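For reference, final.pdb (PDB, C-alpha atoms and all ligand atoms):
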ATOM      1  CA  MET A   1     -31.124-106.221-191.772
ATOM      2  CA  GLN A   2     -27.475-105.919-192.852
ATOM      3  CA  TYR A   3     -25.505-102.929-191.585
ATOM      4  CA  THR A   4     -21.985-101.796-192.442
ATOM      5  CA  ASP A   5     -19.341-102.029-189.682
ATOM      6  CA  LYS A   6     -19.534 -98.262-189.241
ATOM      7  CA  GLU A   7     -23.315 -98.406-188.750
ATOM      8  CA  LEU A   8     -22.964-101.360-186.365
ATOM      9  CA  ARG A   9     -20.420 -99.470-184.240
ATOM     10  CA  GLN A  10     -22.802 -96.526-184.027
ATOM     11  CA  LYS A  11     -25.765 -98.713-183.073
ATOM     12  CA  ILE A  12     -23.716-100.613-180.472
ATOM     13  CA  ASN A  13     -22.634 -97.299-178.938
ATOM     14  CA  GLU A  14     -26.276 -96.174-178.838
ATOM     15  CA  TYR A  15     -27.216 -99.343-176.943
ATOM     16  CA  LYS A  16     -24.288 -98.801-174.572
ATOM     17  CA  GLN A  17     -25.776 -95.412-173.696
ATOM     18  CA  LYS A  18     -29.321 -96.721-173.380
ATOM     19  CA  LEU A  19     -28.873-100.045-171.539
ATOM     20  CA  SER A  20     -27.243-101.020-168.243
ATOM     21  CA  VAL A  21     -24.590-103.172-169.912
ATOM     22  CA  THR A  22     -20.836-103.616-169.695
ATOM     23  CA  ILE A  23     -19.129-105.039-172.751
ATOM     24  CA  VAL A  24     -16.225-107.255-171.836
ATOM     25  CA  ALA A  25     -13.716-108.398-174.477
ATOM     26  CA  HIS A  26     -10.843-110.868-174.262
ATOM     27  CA  PHE A  27      -7.459-110.005-175.807
ATOM     28  CA  TYR A  28      -7.934-112.668-178.521
ATOM     29  CA  GLN A  29     -11.070-111.062-179.970
ATOM     30  CA  ARG A  30     -11.073-109.552-183.464
ATOM     31  CA  ASP A  31      -9.915-105.913-183.419
ATOM     32  CA  GLU A  32     -13.324-104.444-184.271
ATOM     33  CA  VAL A  33     -14.983-106.339-181.379
ATOM     34  CA  PHE A  34     -12.096-105.726-178.961
ATOM     35  CA  GLU A  35     -12.383-101.971-179.582
ATOM     36  CA  MET A  36     -16.005-101.989-178.352
ATOM     37  CA  GLY A  37     -14.974-103.428-174.943
ATOM     38  CA  ASP A  38     -15.518-101.376-171.776
ATOM     39  CA  ILE A  39     -13.325-103.878-169.960
ATOM     40  CA  THR A  40     -10.573-105.776-171.798
ATOM     41  CA  GLY A  41      -8.028-108.260-170.535
ATOM     42  CA  ASP A  42      -7.205-111.924-170.025
ATOM     43  CA  SER A  43      -9.705-114.421-168.626
ATOM     44  CA  LEU A  44      -8.988-113.906-164.914
ATOM     45  CA  GLU A  45      -8.696-110.131-165.193
ATOM     46  CA  LEU A  46     -12.092-110.027-166.896
ATOM     47  CA  ALA A  47     -13.803-112.202-164.289
ATOM     48  CA  MET A  48     -12.330-110.153-161.433
ATOM     49  CA  ARG A  49     -12.985-106.712-162.915
ATOM     50  CA  THR A  50     -16.583-107.546-163.772
ATOM     51  CA  GLN A  51     -17.148-108.497-160.097
ATOM     52  CA  ALA A  52     -16.685-104.824-159.230
ATOM     53  CA  ASP A  53     -18.886-103.606-162.079
ATOM     54  CA  ASP A  54     -22.477-102.612-161.299
ATOM     55  CA  ALA A  55     -24.194-102.881-164.705
ATOM     56  CA  ASP A  56     -27.179-105.259-164.884
ATOM     57  CA  TYR A  57     -25.772-107.176-167.852
ATOM     58  CA  VAL A  58     -22.281-108.361-168.694
ATOM     59  CA  VAL A  59     -21.957-108.893-172.448
ATOM     60  CA  PHE A  60     -18.984-111.224-172.672
ATOM     61  CA  CYS A  61     -17.027-111.411-175.939
ATOM     62  CA  GLY A  62     -14.880-114.506-175.505
ATOM     63  CA  VAL A  63     -15.388-118.244-175.082
ATOM     64  CA  GLY A  64     -17.805-120.179-172.884
ATOM     65  CA  PHE A  65     -15.662-120.972-169.835
ATOM     66  CA  MET A  66     -14.863-117.264-169.454
ATOM     67  CA  GLY A  67     -18.535-116.232-169.417
ATOM     68  CA  GLN A  68     -19.125-119.038-166.908
ATOM     69  CA  SER A  69     -16.328-117.742-164.652
ATOM     70  CA  VAL A  70     -18.027-114.339-164.509
ATOM     71  CA  LYS A  71     -21.349-115.988-163.645
ATOM     72  CA  VAL A  72     -19.720-118.222-161.026
ATOM     73  CA  LEU A  73     -17.990-115.308-159.274
ATOM     74  CA  SER A  74     -20.979-112.965-159.621
ATOM     75  CA  PRO A  75     -24.084-115.203-159.670
ATOM     76  CA  LYS A  76     -26.509-112.280-159.448
ATOM     77  CA  LYS A  77     -25.252-110.756-162.680
ATOM     78  CA  ARG A  78     -26.907-111.608-165.959
ATOM     79  CA  VAL A  79     -24.180-112.736-168.329
ATOM     80  CA  VAL A  80     -24.849-113.023-172.057
ATOM     81  CA  MET A  81     -22.506-113.878-174.893
ATOM     82  CA  PRO A  82     -22.783-112.559-178.452
ATOM     83  CA  LYS A  83     -21.672-116.031-179.560
ATOM     84  CA  LEU A  84     -21.671-119.219-177.497
ATOM     85  CA  ALA A  85     -18.146-120.110-178.635
ATOM     86  CA  CYS A  86     -16.219-122.978-177.036
ATOM     87  CA  CYS A  87     -12.543-123.143-176.143
ATOM     88  CA  ALA A  88     -11.126-126.277-177.797
ATOM     89  CA  MET A  89      -9.041-127.073-174.719
ATOM     90  CA  ALA A  90     -11.939-126.670-172.277
ATOM     91  CA  THR A  91     -14.060-129.093-174.305
ATOM     92  CA  MET A  92     -11.385-131.814-173.964
ATOM     93  CA  ILE A  93     -12.506-132.580-170.409
ATOM     94  CA  ASP A  94     -15.861-132.789-168.661
ATOM     95  CA  GLY A  95     -16.909-134.078-165.253
ATOM     96  CA  PHE A  96     -16.975-137.716-166.403
ATOM     97  CA  MET A  97     -13.503-137.542-167.956
ATOM     98  CA  TYR A  98     -12.168-135.847-164.848
ATOM     99  CA  GLU A  99     -13.503-138.667-162.665
ATOM    100  CA  ASN A 100     -11.993-141.157-165.082
ATOM    101  CA  ALA A 101      -8.587-139.481-164.696
ATOM    102  CA  VAL A 102      -8.912-139.735-160.902
ATOM    103  CA  ASN A 103      -9.761-143.455-161.264
ATOM    104  CA  ILE A 104      -6.611-144.000-163.340
ATOM    105  CA  LEU A 105      -4.544-142.496-160.522
ATOM    106  CA  ASN A 106      -6.382-144.684-157.996
ATOM    107  CA  GLU A 107      -5.639-147.785-160.075
ATOM    108  CA  ALA A 108      -1.967-146.784-160.105
ATOM    109  CA  GLY A 109      -2.031-146.885-156.305
ATOM    110  CA  ILE A 110      -2.559-143.172-155.608
ATOM    111  CA  SER A 111      -5.560-142.736-153.328
ATOM    112  CA  ASN A 112      -7.821-139.666-153.356
ATOM    113  CA  GLU A 113      -6.293-138.491-150.048
ATOM    114  CA  ASN A 114      -2.948-138.248-151.832
ATOM    115  CA  ILE A 115      -4.211-136.285-154.852
ATOM    116  CA  LEU A 116      -4.415-132.505-154.994
ATOM    117  CA  PRO A 117      -6.211-131.546-158.222
ATOM    118  CA  ILE A 118      -5.563-128.230-159.963
ATOM    119  CA  THR A 119      -7.529-127.084-162.975
ATOM    120  CA  TYR A 120      -6.396-124.432-165.401
ATOM    121  CA  ILE A 121      -9.023-121.684-165.640
ATOM    122  CA  ASN A 122      -9.612-122.892-169.234
ATOM    123  CA  SER A 123     -12.082-125.540-168.107
ATOM    124  CA  ASN A 124     -15.819-125.537-167.694
ATOM    125  CA  ALA A 125     -17.586-124.853-164.383
ATOM    126  CA  GLU A 126     -18.420-128.553-163.894
ATOM    127  CA  VAL A 127     -14.717-129.480-163.864
ATOM    128  CA  LYS A 128     -13.817-126.553-161.595
ATOM    129  CA  ALA A 129     -16.547-127.703-159.197
ATOM    130  CA  LYS A 130     -15.335-131.337-159.146
ATOM    131  CA  VAL A 131     -11.765-130.209-158.534
ATOM    132  CA  ALA A 132     -12.871-127.977-155.647
ATOM    133  CA  GLN A 133     -14.957-130.794-154.135
ATOM    134  CA  MET A 134     -11.732-132.842-153.914
ATOM    135  CA  GLY A 135      -9.991-129.994-152.066
ATOM    136  CA  GLY A 136      -8.342-128.570-155.192
ATOM    137  CA  LEU A 137      -8.346-125.196-156.874
ATOM    138  CA  VAL A 138      -8.093-123.232-160.100
ATOM    139  CA  CYS A 139      -4.985-121.627-161.592
ATOM    140  CA  THR A 140      -4.147-119.354-164.509
ATOM    141  CA  SER A 141      -1.036-119.349-166.675
ATOM    142  CA  SER A 142       0.336-116.394-164.687
ATOM    143  CA  ASN A 143      -0.107-117.895-161.219
ATOM    144  CA  ALA A 144       0.275-121.650-161.972
ATOM    145  CA  LYS A 145       3.808-121.741-160.554
ATOM    146  CA  LYS A 146       2.726-120.110-157.300
ATOM    147  CA  ILE A 147      -0.324-122.377-157.005
ATOM    148  CA  ILE A 148       1.749-125.537-157.613
ATOM    149  CA  THR A 149       4.459-124.386-155.185
ATOM    150  CA  ASN A 150       1.851-123.917-152.509
ATOM    151  CA  ALA A 151       0.051-127.168-153.325
ATOM    152  CA  LEU A 152       3.251-129.203-153.017
ATOM    153  CA  LYS A 153       3.479-128.207-149.351
ATOM    154  CA  GLU A 154       0.652-130.687-148.733
ATOM    155  CA  GLY A 155       2.955-133.499-149.878
ATOM    156  CA  LYS A 156       0.440-134.827-152.411
ATOM    157  CA  LYS A 157       0.577-135.733-156.098
ATOM    158  CA  ILE A 158      -0.782-132.966-158.283
ATOM    159  CA  LEU A 159      -3.374-133.909-160.873
ATOM    160  CA  PHE A 160      -3.217-131.058-163.390
ATOM    161  CA  VAL A 161      -6.108-130.660-165.872
ATOM    162  CA  PRO A 162      -6.751-130.070-168.723
ATOM    163  CA  ASP A 163      -3.581-128.562-170.280
ATOM    164  CA  ARG A 164      -0.656-130.994-170.411
ATOM    165  CA  CYS A 165       1.633-128.272-171.806
ATOM    166  CA  LEU A 166       1.059-125.748-169.034
ATOM    167  CA  GLY A 167       1.396-128.486-166.399
ATOM    168  CA  GLN A 168       4.630-129.817-167.864
ATOM    169  CA  ASN A 169       6.140-126.386-168.563
ATOM    170  CA  ILE A 170       5.616-125.278-164.966
ATOM    171  CA  ALA A 171       6.928-128.609-163.663
ATOM    172  CA  ASN A 172      10.056-128.168-165.829
ATOM    173  CA  GLN A 173      10.587-124.628-164.495
ATOM    174  CA  MET A 174      10.408-125.999-160.964
ATOM    175  CA  ASN A 175      12.583-129.081-161.638
ATOM    176  CA  LEU A 176       9.673-131.353-160.793
ATOM    177  CA  LYS A 177       8.963-134.709-162.387
ATOM    178  CA  SER A 178       5.893-134.675-164.622
ATOM    179  CA  CYS A 179       4.079-136.991-166.974
ATOM    180  CA  VAL A 180       0.933-137.133-169.079
ATOM    181  CA  ILE A 181      -1.723-139.746-168.307
ATOM    182  CA  GLY A 182      -1.374-142.464-170.923
ATOM    183  CA  ASP A 183       2.231-141.702-171.953
ATOM    184  CA  GLY A 184       3.433-144.954-170.364
ATOM    185  CA  SER A 185       5.096-143.324-167.341
ATOM    186  CA  ASP A 186       4.821-144.732-163.842
ATOM    187  CA  LEU A 187       2.381-142.208-162.359
ATOM    188  CA  LYS A 188       3.718-142.771-158.841
ATOM    189  CA  GLU A 189       7.118-141.481-159.949
ATOM    190  CA  SER A 190       5.750-138.059-160.980
ATOM    191  CA  ASP A 191       5.067-134.988-158.868
ATOM    192  CA  VAL A 192       2.719-133.452-161.456
ATOM    193  CA  ILE A 193       0.420-135.789-163.408
ATOM    194  CA  CYS A 194      -1.176-134.018-166.369
ATOM    195  CA  PHE A 195      -4.391-134.728-168.233
ATOM    196  CA  ASN A 196      -3.802-135.036-171.981
ATOM    197  CA  GLY A 197      -5.499-131.781-173.087
ATOM    198  CA  PHE A 198      -3.997-128.983-175.136
ATOM    199  CA  CYS A 199      -4.718-125.748-176.965
ATOM    200  CA  SER A 200      -5.036-126.344-180.701
ATOM    201  CA  VAL A 201      -3.821-122.796-181.443
ATOM    202  CA  HIS A 202      -0.661-122.953-179.335
ATOM    203  CA  GLN A 203       0.204-126.332-180.900
ATOM    204  CA  LEU A 204       0.803-124.520-184.203
ATOM    205  CA  PHE A 205       4.263-123.290-183.182
ATOM    206  CA  SER A 206       7.291-125.465-183.829
ATOM    207  CA  VAL A 207      11.015-125.545-183.068
ATOM    208  CA  ASP A 208      11.509-125.153-186.856
ATOM    209  CA  ASP A 209       9.722-121.781-186.612
ATOM    210  CA  ILE A 210      12.130-120.727-183.861
ATOM    211  CA  ASN A 211      15.155-121.872-185.885
ATOM    212  CA  PHE A 212      13.814-120.018-188.934
ATOM    213  CA  TYR A 213      13.531-116.701-187.071
ATOM    214  CA  ARG A 214      16.855-117.065-185.259
ATOM    215  CA  LYS A 215      18.578-117.642-188.616
ATOM    216  CA  LYS A 216      16.713-114.862-190.439
ATOM    217  CA  PHE A 217      17.176-112.223-187.688
ATOM    218  CA  PRO A 218      20.239-112.985-185.509
ATOM    219  CA  GLY A 219      19.627-111.509-182.054
ATOM    220  CA  ILE A 220      15.835-111.815-182.266
ATOM    221  CA  LEU A 221      14.100-112.795-179.023
ATOM    222  CA  ILE A 222      11.551-115.602-178.879
ATOM    223  CA  ALA A 223       8.636-115.106-176.457
ATOM    224  CA  THR A 224       6.033-117.830-176.014
ATOM    225  CA  HIS A 225       2.966-118.731-173.975
ATOM    226  CA  PRO A 226       3.151-121.774-171.650
ATOM    227  CA  GLU A 227       0.277-123.421-173.556
ATOM    228  CA  CYS A 228       2.937-124.155-176.228
ATOM    229  CA  ASP A 229       4.649-127.531-176.248
ATOM    230  CA  PRO A 230       7.501-127.838-173.678
ATOM    231  CA  ALA A 231      10.023-128.189-176.547
ATOM    232  CA  ILE A 232       8.990-124.711-177.781
ATOM    233  CA  CYS A 233       9.127-123.143-174.322
ATOM    234  CA  ASP A 234      12.547-124.713-173.619
ATOM    235  CA  ALA A 235      13.882-123.089-176.796
ATOM    236  CA  SER A 236      12.387-119.646-175.971
ATOM    237  CA  ASP A 237      14.010-116.602-174.364
ATOM    238  CA  PHE A 238      10.869-115.725-172.434
ATOM    239  CA  VAL A 239       7.798-117.750-171.444
ATOM    240  CA  GLY A 240       4.811-115.985-169.933
ATOM    241  CA  SER A 241       1.055-115.660-169.658
ATOM    242  CA  THR A 242      -0.813-113.235-171.910
ATOM    243  CA  SER A 243      -0.384-110.319-169.496
ATOM    244  CA  GLN A 244       3.266-111.208-168.862
ATOM    245  CA  LEU A 245       3.937-111.385-172.626
ATOM    246  CA  ILE A 246       2.323-107.983-173.137
ATOM    247  CA  LYS A 247       4.504-106.414-170.435
ATOM    248  CA  PHE A 248       7.684-108.132-171.662
ATOM    249  CA  ILE A 249       7.179-106.899-175.226
ATOM    250  CA  LYS A 250       6.119-103.376-174.256
ATOM    251  CA  ASP A 251       9.286-103.016-172.152
ATOM    252  CA  LEU A 252      11.624-103.997-175.030
ATOM    253  CA  ASP A 253      13.804-101.486-176.828
ATOM    254  CA  PRO A 254      11.799-100.421-179.930
ATOM    255  CA  GLU A 255      14.590-101.730-182.189
ATOM    256  CA  GLN A 256      14.670-105.186-180.538
ATOM    257  CA  LYS A 257      13.070-107.772-182.796
ATOM    258  CA  VAL A 258      10.819-110.349-181.147
ATOM    259  CA  ALA A 259       8.861-113.333-182.487
ATOM    260  CA  VAL A 260       5.852-114.210-180.352
ATOM    261  CA  GLY A 261       4.211-117.607-179.964
ATOM    262  CA  THR A 262       0.632-116.880-179.035
ATOM    263  CA  GLU A 263      -2.706-115.947-180.606
ATOM    264  CA  PHE A 264      -2.561-113.781-183.741
ATOM    265  CA  ASN A 265      -4.987-110.962-182.829
ATOM    266  CA  LEU A 266      -3.112-110.237-179.619
ATOM    267  CA  VAL A 267       0.324-110.251-181.290
ATOM    268  CA  ASN A 268      -0.937-108.123-184.159
ATOM    269  CA  ARG A 269      -1.874-105.207-181.915
ATOM    270  CA  LEU A 270       1.066-105.442-179.503
ATOM    271  CA  ARG A 271       3.664-103.231-181.102
ATOM    272  CA  PRO A 272       3.840-101.346-184.415
ATOM    273  CA  LYS A 273       7.166-102.765-185.642
ATOM    274  CA  ASN A 274       9.826-105.434-185.004
ATOM    275  CA  THR A 275       7.212-107.913-183.751
ATOM    276  CA  TYR A 276       6.570-111.150-185.633
ATOM    277  CA  VAL A 277       4.115-113.998-185.244
ATOM    278  CA  LEU A 278       6.130-117.149-184.552
ATOM    279  CA  SER A 279       4.446-119.258-187.205
ATOM    280  CA  SER A 280       4.224-119.734-190.939
ATOM    281  CA  THR A 281       0.450-120.080-190.471
ATOM    282  CA  LYS A 282      -1.909-117.522-188.920
ATOM    283  CA  PRO A 283      -2.474-118.764-185.349
ATOM    284  CA  GLU A 284      -5.969-117.381-184.829
ATOM    285  CA  CYS A 285      -8.232-118.961-182.247
ATOM    286  CA  PRO A 286     -11.130-119.991-184.486
ATOM    287  CA  THR A 287     -13.763-119.880-181.770
ATOM    288  CA  MET A 288     -12.595-116.560-180.319
ATOM    289  CA  ASN A 289     -12.835-115.205-183.848
ATOM    290  CA  GLU A 290     -16.435-116.322-184.246
ATOM    291  CA  THR A 291     -17.782-113.238-182.456
ATOM    292  CA  THR A 292     -18.559-110.421-184.882
ATOM    293  CA  LEU A 293     -19.878-106.868-184.563
ATOM    294  CA  GLN A 294     -23.183-108.164-185.923
ATOM    295  CA  ASP A 295     -23.375-110.732-183.066
ATOM    296  CA  LEU A 296     -22.627-108.014-180.546
ATOM    297  CA  TYR A 297     -25.333-105.806-182.003
ATOM    298  CA  ASP A 298     -27.825-108.723-182.070
ATOM    299  CA  VAL A 299     -27.282-109.575-178.414
ATOM    300  CA  LEU A 300     -27.645-105.938-177.310
ATOM    301  CA  LYS A 301     -30.822-105.674-179.348
ATOM    302  CA  SER A 302     -32.162-108.820-177.660
ATOM    303  CA  ILE A 303     -31.494-107.280-174.216
ATOM    304  CA  ASP A 304     -33.308-104.130-175.285
ATOM    305  CA  GLU A 305     -36.270-106.228-176.440
ATOM    306  CA  GLY A 306     -36.398-108.047-173.074
ATOM    307  CA  GLU A 307     -35.429-111.478-174.434
ATOM    308  CA  PRO A 308     -31.667-111.766-173.989
ATOM    309  CA  LEU A 309     -29.932-114.238-176.284
ATOM    310  CA  ASN A 310     -27.269-116.725-175.151
ATOM    311  CA  GLU A 311     -27.602-116.162-171.418
ATOM    312  CA  ILE A 312     -25.128-118.141-169.298
ATOM    313  CA  LYS A 313     -26.703-120.350-166.634
ATOM    314  CA  VAL A 314     -24.830-122.410-164.049
ATOM    315  CA  ASP A 315     -26.738-124.644-161.638
ATOM    316  CA  GLU A 316     -26.511-123.723-157.942
ATOM    317  CA  LYS A 317     -24.341-126.630-156.761
ATOM    318  CA  THR A 318     -21.845-126.279-159.622
ATOM    319  CA  GLN A 319     -21.729-122.517-159.115
ATOM    320  CA  LYS A 320     -21.069-122.912-155.388
ATOM    321  CA  TRP A 321     -18.172-125.353-155.797
ATOM    322  CA  ALA A 322     -16.648-123.717-158.876
ATOM    323  CA  LYS A 323     -16.649-120.441-156.944
ATOM    324  CA  ILE A 324     -14.828-122.131-154.056
ATOM    325  CA  GLY A 325     -12.177-123.354-156.532
ATOM    326  CA  LEU A 326     -11.744-119.853-157.953
ATOM    327  CA  GLU A 327     -11.730-118.202-154.532
ATOM    328  CA  ARG A 328      -9.049-120.586-153.220
ATOM    329  CA  MET A 329      -6.895-119.342-156.084
ATOM    330  CA  LEU A 330      -7.727-115.684-155.450
ATOM    331  CA  ALA A 331      -6.901-116.107-151.755
ATOM    332  CA  LEU A 332      -3.342-117.027-152.744
TER     333      LEU A 332
HETATM  334 FE1  LIG B 401      -8.952-122.116-175.922
HETATM  335 FE2  LIG B 401      -6.603-122.085-177.195
HETATM  336 FE3  LIG B 401      -8.622-120.570-178.081
HETATM  337 FE4  LIG B 401      -7.356-119.974-175.777
HETATM  338  S1  LIG B 401      -6.470-119.940-177.844
HETATM  339  S2  LIG B 401      -9.586-119.986-176.126
HETATM  340  S3  LIG B 401      -6.914-122.040-174.980
HETATM  341  S4  LIG B 401      -8.561-122.833-178.011
END
Would you mind writing the file out in structure tokens?
Ligand code: SF4
Amino acid sequence: MQYTDKELRQKINEYKQKLSVTIVAHFYQRDEVFEMGDITGDSLELAMRTQADDADYVVFCGVGFMGQSVKVLSPKKRVVMPKLACCAMATMIDGFMYENAVNILNEAGISNENILPITYINSNAEVKAKVAQMGGLVCTSSNAKKIITNALKEGKKILFVPDRCLGQNIANQMNLKSCVIGDGSDLKESDVICFNGFCSVHQLFSVDDINFYRKKFPGILIATHPECDPAICDASDFVGSTSQLIKFIKDLDPEQKVAVGTEFNLVNRLRPKNTYVLSSTKPECPTMNETTLQDLYDVLKSIDEGEPLNEIKVDEKTQKWAKIGLERMLAL
């Protein structure tokens, strides 16, 4: 049966009263879905805050690796997703490709004992588990610098997966040598060796966009996410994770213009005026945008009927090691 958005909101609220559920929504969700969230935030914030939540079900509005992170940290919780959407970046690497990347380093003369792997949280549980099994850990865009700083104390090469942009941007900030596997560099010469993954949404921003805004509004500030290409971040006034961008923009003088290089839905609800999306296209994350109010209603209805849709499962061994990778990060 087709309902209007108003009817769907009402029915979702009725289920929220009736069922032991917590609706969790990532910042990049559509506005109408985001507004239904009991807990909202970035991927790490959501995984951590749901750990402390005591509802039987977590209904996760986001992409697959995020739902998995909740399940990994809180294995007893039942985690369902209104839509089993995939993050494009997370799908660029799996366990086999990770092992292949390690082999490439081995062939370049870097033994496993001299590799410290770090995976961005935007990776699936299998990759997090493999990284942890090699003594490595997880990072987010807000703590990547701290994690890399700490990791370097071990005197090893860092294998950074899957986001080449985040890895290279942090390396640049720290004056470290970095490269991307396959770019022709001598891997032994680099401190941070990055896997060749990227976010398709954050690749939409260009230096031309920055030049356009600087010319159109002299004095405008450019704020970007470190998943953007290093050339974009180098030309920006501020580079920060989602939470850091939100704080930076909220603290600006209301008259200060700012152009922001990150996902459209987030930018759109940041500030009522003087905030621009740093792109001539609409940089929406297509998979984040797949989740609709109808999907949210359908999944709540399925819980009520005792046959939950789209439940996240992670096998015991993967869960154990992925959790170790996440907990090593949280301990720092
Ligand atoms: Fe993945 Fe990029 Fe979408 Fe974030 S914006 S979920 S990194 S594809």
Once you count only C-alpha atoms, what closest atom pair and distance in Å to one decimal does each residue of segment 275-313 of chain A within 9 Å of segment 13-35 of chain A have, with rows by chain and rising residue number, as a tab-separated table?
residue	atom	partner	partner_atom	distance
A:Glu284	CA	A:Tyr28	CA	8.1
A:Cys285	CA	A:Tyr28	CA	7.3
A:Met288	CA	A:Gln29	CA	5.7
A:Asn289	CA	A:Arg30	CA	5.9
A:Glu290	CA	A:Gln29	CA	8.6
A:Thr291	CA	A:Gln29	CA	7.5
A:Thr292	CA	A:Val33	CA	6.5
A:Leu293	CA	A:Val33	CA	5.9
A:Leu296	CA	A:Val33	CA	7.9
A:Tyr297	CA	A:Tyr15	CA	8.4
A:Leu300	CA	A:Tyr15	CA	6.6
A:Lys301	CA	A:Tyr15	CA	7.7
A:Ile303	CA	A:Leu19	CA	8.1
A:Asp304	CA	A:Leu19	CA	7.1
Contacts to ligand LIG 401 (chain B) at 10 Å cut-off (all atoms listed in the file) as a PyMOL selection string = chain A and resi 26-29+42-43+62-66+85-91+120-123+163+198-203+227-228+262-264+283-289
Could you spell out the hits of the PyMOL selection byres (((chain A and resi 170) around 10) and not hetatm) on the shown file, as number ranges by chain?
-> A: 141, 144-146, 148-149, 165-169, 171-176, 178, 192, 226, 230
Please work out which residues fall within 6 Å of (-19.4, -131.1, -164.5), coordinates as given in the file, with only C-alpha atoms counting, and return them as a PyMOL selection string.
-> chain A and resi 94-95+126-127
Interatomic distance between atom CA of Met36 of chain A and atom CA of Ile312 of chain A?
-> 20.6 Å
Could you check how far atom CA of Leu252 of chain A sits from atom CA of Tyr276 of chain A, in Å to one decimal?
->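 Going from atom CA of Leu252 of chain A over to atom CA of Tyr276 of chain A covers 13.8 Å.
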Can you work out the spacing between atom CA of Ser279 of chain A and atom CA of Asp209 of chain A in Å, to one decimal?
->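 Atom-to-atom, atom CA of Ser279 of chain A to atom CA of Asp209 of chain A, that is 5.9 Å.
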Which of A:Lys6, A:Arg271, A:Lys188, A:Lys128 sits closest to Ser111 of chain A [using all atoms listed in the file] |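 The closest residue to Ser111 of chain A is A:Lys188.
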Could you work out an axis-aligned box for segment 229-241 of chain A, taking every atom the file lists and adding 3 Å on each side, and report centre and edge lengths in Å to one decimal, as JSON?
{"center_x": 7.5, "center_y": -121.9, "center_z": -173.7, "size_x": 19.0, "size_y": 18.5, "size_z": 14.1}
Since the input is missing atoms, can you rebuild all heavy atoms for segment 305-309 of chain A and write them as a compact mmCIF listing (two decimals), in the frame of the given file?
# COMPACT_ATOMS: atom_id res chain seq x y z
N GLU A 305 -34.93 -105.71 -176.18
CA GLU A 305 -36.27 -106.23 -176.44
C GLU A 305 -36.78 -107.11 -175.30
O GLU A 305 -37.86 -107.69 -175.38
CB GLU A 305 -36.27 -107.01 -177.76
CG GLU A 305 -36.09 -106.07 -178.96
CD GLU A 305 -35.83 -106.82 -180.27
OE1 GLU A 305 -35.59 -108.05 -180.23
OE2 GLU A 305 -35.86 -106.16 -181.33
N GLY A 306 -35.95 -107.29 -174.26
CA GLY A 306 -36.40 -108.05 -173.07
C GLY A 306 -36.28 -109.55 -173.22
O GLY A 306 -36.77 -110.29 -172.36
N GLU A 307 -35.61 -110.03 -174.28
CA GLU A 307 -35.43 -111.48 -174.43
C GLU A 307 -33.98 -111.76 -174.76
O GLU A 307 -33.62 -112.07 -175.90
CB GLU A 307 -36.34 -112.01 -175.55
CG GLU A 307 -37.79 -112.00 -175.14
CD GLU A 307 -38.69 -112.68 -176.16
OE1 GLU A 307 -38.18 -113.42 -177.02
OE2 GLU A 307 -39.89 -112.44 -176.08
N PRO A 308 -33.11 -111.65 -173.73
CA PRO A 308 -31.67 -111.77 -173.99
C PRO A 308 -31.28 -113.11 -174.62
O PRO A 308 -31.73 -114.16 -174.17
CB PRO A 308 -31.04 -111.63 -172.60
CG PRO A 308 -32.11 -111.13 -171.72
CD PRO A 308 -33.42 -111.47 -172.33
N LEU A 309 -30.45 -113.03 -175.62
CA LEU A 309 -29.93 -114.24 -176.28
C LEU A 309 -28.75 -114.80 -175.49
O LEU A 309 -28.05 -114.05 -174.81
CB LEU A 309 -29.40 -113.88 -177.68
CG LEU A 309 -30.39 -113.48 -178.76
CD1 LEU A 309 -29.62 -112.92 -179.98
CD2 LEU A 309 -31.21 -114.69 -179.20
